[in-house]
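Heads up: the structure comes next, in structure tokens.
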Amino acid sequence: MAAFRPLFIFKISENTYRTIHESGTACLGSSQDRTGSPEGVIDIKVLFIGDIVGSTGRKALKASLPELKSKYNPHIIIANGENAASGRGITSAIANEFFNWGIHGITLGNHTWDNKDIFEFIDDEPRMIRPANFPPGTPGRGYTVIKANGKQLAIVNLQGRTFLPAIDCPFRTADDIVETLRQKHKCILVDFHAEATSEKIAMGWHLEGRASMVVGTHTHVQSNDDTILPGGTAYITDTGMVGSKEGILGMQRDAVMYKFKTQLPARFQVDEGKWQFHAVCVDMDEETGKARKIQKIRMYEDEWRMD
Ligand SMILES: [Fe+2]
Ligand SMILES: [Fe+2]
């Protein structure tokens, strides 16, 4: 684990300090240890990977996971797979490939139903969740508990309603699920799959102190606002994506530009250019469920750079 040089340390309450690191890591520590590693705290480290887009994203995932595992030593790895099959949904073969590579849980989003294969296995796959605020009776589940490497993490998937289909309220759904989960689980991850930055930031504050981490997906563009909210919730508006950096959101740019310019229908295909890999690694206190550190991860095929 690389050492990170603190740039600023400032007091936010009597016993709590916020530390901003050179690498972009945000930490919440105690007065006993301002680096965010108080003695005696039991850690759980979670790697959360943004939307994996098509064959390029899958190639990037396979290539990157061994190095990520050895660098960050995550106990649990969760990935958003809503675009894994040609940019549209996910198949059981792809999901099983992810599980074989070491992914422990998969979240989805507005592309959940794009590949009809999903209906054959989503009810029988407890490690995969789709947005919990889809209408009642929808196949699959909106939350689950992942157990791996002696750790437990409850994961919840929600979808926003701004610039996306009008589904049930994600805030009230979050209240119901998170309060139920908190009766048994301290460590809770919420993947909020949404378009509007305001809706995502609102969800971060809505679940502040109740979820260990609220991480955004869907825009495929990693945001630069990773932080630990005062109640101990790690937050980022969008985790980013895993797929071609030479396309547009992972798809071939010619078709996307054609559609913008002509307003005519166009068939989007996964771009096969050099990949980028976006994720976050969150360190949380297993006993309290409070996050202590969030670190953005950006890697590129041609540079193999890890921030
Ligand atoms: Fe999406
Ligand atoms: Fe996506």
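In the structure tokens, each chain is lettered A, B, ... as it comes, each chain's residues begin at 1, and ligands are numbered from 1 in order of appearance.
Pocket residues of ligand 2, taken as those with any atom at most 7 Å away using only C-alpha atoms and all ligand atoms, are Asp51, Glu82, Asn83, Thr217, His218, Thr219 and His220 of chain A.
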Checklist line | Residue contacts of Trp205 of chain A (10 Å, only C-alpha atoms) excluding same-chain residues fewer than 6 positions away, as a list in words | finding: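 Here the qualifying residues turn out to be Val214, Leu229, Pro230, Gly231, Thr233 and Tyr235 of chain A.
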What would the file look like if the residues just selected were written as a tab-separated table (two decimals), in the first residue's frame with C-alpha atoms?
chain	number	residue	atom	x	y	z
A	214	VAL	CA	-22.71	6.06	-1.74
A	229	LEU	CA	-19.14	13.10	4.46
A	230	PRO	CA	-19.10	14.11	8.16
A	231	GLY	CA	-21.22	11.14	9.24
A	233	THR	CA	-20.15	8.05	4.38
A	235	TYR	CA	-19.13	9.55	-1.51
Could you list, with a cut-off of 6 Å and counting only C-alpha atoms and all ligand atoms, the residues of chain A near ligand 1, each shown with its nearest atom pair and the distance in Å rounded to one decimal, rows sorted by chain and ascending number, as CSV?
residue,atom,partner,partner_atom_place_in_ligand_line,distance
A:Gly109,CA,ligand 1,1 (Fe),5.1
A:Asn110,CA,ligand 1,1 (Fe),4.8
A:His111,CA,ligand 1,1 (Fe),5.9
A:His218,CA,ligand 1,1 (Fe),3.9
Next item on the list: Give the alpha helix (DSSP H) residues of segment 117-179 of chain A, as assigned by DSSP on the backbone, as a ChimeraX atom specification.
Entry: /A:118-121,170-179
Check: Closest to Ile177 of chain A among A:Asn133, A:Asn149, A:Ser212, A:Asn96, using only C-alpha atoms?
Finding: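 Smallest distance to Ile177 of chain A is found for A:Asn133.
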Next item on the list: Please provide the set of residues having any atom within 12 Å of Leu181 of chain A, restricted to only C-alpha atoms, with same-chain residues fewer than 2 positions apart removed, written as a PyMOL selection string.
Entry: chain A and resi 143-145+152-156+174-179+183-190+210-212+289
Check: Which residues come within 7 Å of Thr107 of chain A, counting only C-alpha atoms, excluding same-chain residues fewer than 4 positions away, as a PyMOL selection string?
Finding: chain A and resi 79-81+128-130+157
Identify, with DSSP run on backbone atoms, the residues in segment 86-251 of chain A assigned to strand (DSSP E or B), and express the list as a PDB file with C-alpha atoms, in the first residue's frame.
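The result, written out as states-v9.pdb:
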ATOM      1  CA  GLY A 105     -21.116  -8.718  -6.540  1.00  0.00           C
ATOM      2  CA  ILE A 106     -22.623  -7.008  -9.600  1.00  0.00           C
ATOM      3  CA  THR A 107     -24.886  -3.964  -9.709  1.00  0.00           C
ATOM      4  CA  MET A 128     -26.387  -9.609  -8.747  1.00  0.00           C
ATOM      5  CA  ILE A 129     -28.757  -6.712  -8.020  1.00  0.00           C
ATOM      6  CA  TYR A 143     -30.176  -5.426  -2.486  1.00  0.00           C
ATOM      7  CA  THR A 144     -28.183  -8.360  -1.173  1.00  0.00           C
ATOM      8  CA  VAL A 145     -25.420  -9.232   1.265  1.00  0.00           C
ATOM      9  CA  ILE A 146     -22.021 -10.206  -0.129  1.00  0.00           C
ATOM     10  CA  LYS A 147     -19.768 -12.421   1.972  1.00  0.00           C
ATOM     11  CA  ALA A 148     -16.109 -12.831   0.992  1.00  0.00           C
ATOM     12  CA  LYS A 151     -16.146  -9.965   5.583  1.00  0.00           C
ATOM     13  CA  GLN A 152     -19.739  -8.960   4.925  1.00  0.00           C
ATOM     14  CA  LEU A 153     -21.028  -6.064   2.862  1.00  0.00           C
ATOM     15  CA  ALA A 154     -24.661  -5.230   2.159  1.00  0.00           C
ATOM     16  CA  ILE A 155     -25.067  -3.753  -1.318  1.00  0.00           C
ATOM     17  CA  VAL A 156     -28.006  -1.706  -2.602  1.00  0.00           C
ATOM     18  CA  ASN A 157     -28.729  -0.537  -6.150  1.00  0.00           C
ATOM     19  CA  LEU A 158     -30.948   2.508  -6.783  1.00  0.00           C
ATOM     20  CA  GLN A 159     -31.754   4.478  -9.924  1.00  0.00           C
ATOM     21  CA  ILE A 188     -23.536  -0.839   3.429  1.00  0.00           C
ATOM     22  CA  LEU A 189     -22.671   0.140  -0.152  1.00  0.00           C
ATOM     23  CA  VAL A 190     -25.218   2.038  -2.248  1.00  0.00           C
ATOM     24  CA  ASP A 191     -24.706   2.272  -6.023  1.00  0.00           C
ATOM     25  CA  PHE A 192     -26.887   5.206  -7.099  1.00  0.00           C
ATOM     26  CA  HIS A 193     -27.278   4.897 -10.859  1.00  0.00           C
ATOM     27  CA  MET A 213     -20.466   4.456   0.885  1.00  0.00           C
ATOM     28  CA  VAL A 214     -22.714   6.055  -1.736  1.00  0.00           C
ATOM     29  CA  VAL A 215     -21.129   5.743  -5.159  1.00  0.00           C
ATOM     30  CA  GLY A 216     -22.611   7.053  -8.376  1.00  0.00           C
ATOM     31  CA  THR A 217     -22.679   5.241 -11.713  1.00  0.00           C
ATOM     32  CA  THR A 227     -15.014  12.736  -0.097  1.00  0.00           C
ATOM     33  CA  ILE A 228     -15.958  11.393   3.286  1.00  0.00           C
ATOM     34  CA  LEU A 229     -19.143  13.104   4.463  1.00  0.00           C
ATOM     35  CA  THR A 233     -20.151   8.049   4.385  1.00  0.00           C
ATOM     36  CA  ALA A 234     -17.702   7.764   1.499  1.00  0.00           C
ATOM     37  CA  TYR A 235     -19.128   9.546  -1.507  1.00  0.00           C
ATOM     38  CA  ILE A 236     -18.401  10.142  -5.193  1.00  0.00           C
ATOM     39  CA  MET A 241     -16.337   3.498 -16.462  1.00  0.00           C
ATOM     40  CA  VAL A 242     -14.214   0.638 -17.734  1.00  0.00           C
ATOM     41  CA  GLY A 243     -14.006   0.619 -21.522  1.00  0.00           C
ATOM     42  CA  SER A 244     -12.642   2.475 -24.494  1.00  0.00           C
ATOM     43  CA  ILE A 248     -17.806   8.305 -26.463  1.00  0.00           C
ATOM     44  CA  MET A 251     -19.156   3.438 -27.764  1.00  0.00           C
TER      45      MET A 251
END
Who sits within 9 Å of Asp117 of chain A, only C-alpha atoms, same chain under 3 positions skipped, as a compact mmCIF listing (two decimals) with N, CA and C atoms, in the first residue's frame:
# COMPACT_ATOMS: atom_id res chain seq x y z
N GLY A 89 -26.80 -4.32 -21.22
CA GLY A 89 -27.15 -5.40 -20.29
C GLY A 89 -26.00 -6.35 -20.03
N ILE A 90 -26.34 -7.52 -19.53
CA ILE A 90 -25.34 -8.52 -19.15
C ILE A 90 -25.93 -9.91 -19.38
N THR A 91 -25.06 -10.87 -19.70
CA THR A 91 -25.49 -12.25 -19.88
C THR A 91 -24.99 -13.09 -18.70
N SER A 92 -25.53 -14.28 -18.57
CA SER A 92 -25.07 -15.16 -17.47
C SER A 92 -23.62 -15.57 -17.71
N TRP A 113 -32.38 -4.58 -18.53
CA TRP A 113 -33.20 -5.52 -19.31
C TRP A 113 -32.83 -5.55 -20.80
N ASP A 114 -31.74 -4.89 -21.18
CA ASP A 114 -31.41 -4.77 -22.60
C ASP A 114 -31.04 -6.09 -23.25
N GLU A 120 -33.44 -15.07 -17.69
CA GLU A 120 -33.21 -16.50 -17.44
C GLU A 120 -32.47 -16.74 -16.13
N PHE A 121 -31.77 -15.74 -15.63
CA PHE A 121 -30.93 -16.04 -14.46
C PHE A 121 -30.98 -15.03 -13.33
N ILE A 122 -31.56 -13.86 -13.51
CA ILE A 122 -31.46 -12.83 -12.46
C ILE A 122 -32.13 -13.26 -11.15
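Nearest residue to Thr162 of chain A, choosing from A:Leu61, A:Ala194, A:Ile201, A:Ile44 and counting only C-alpha atoms: A:Ala194.
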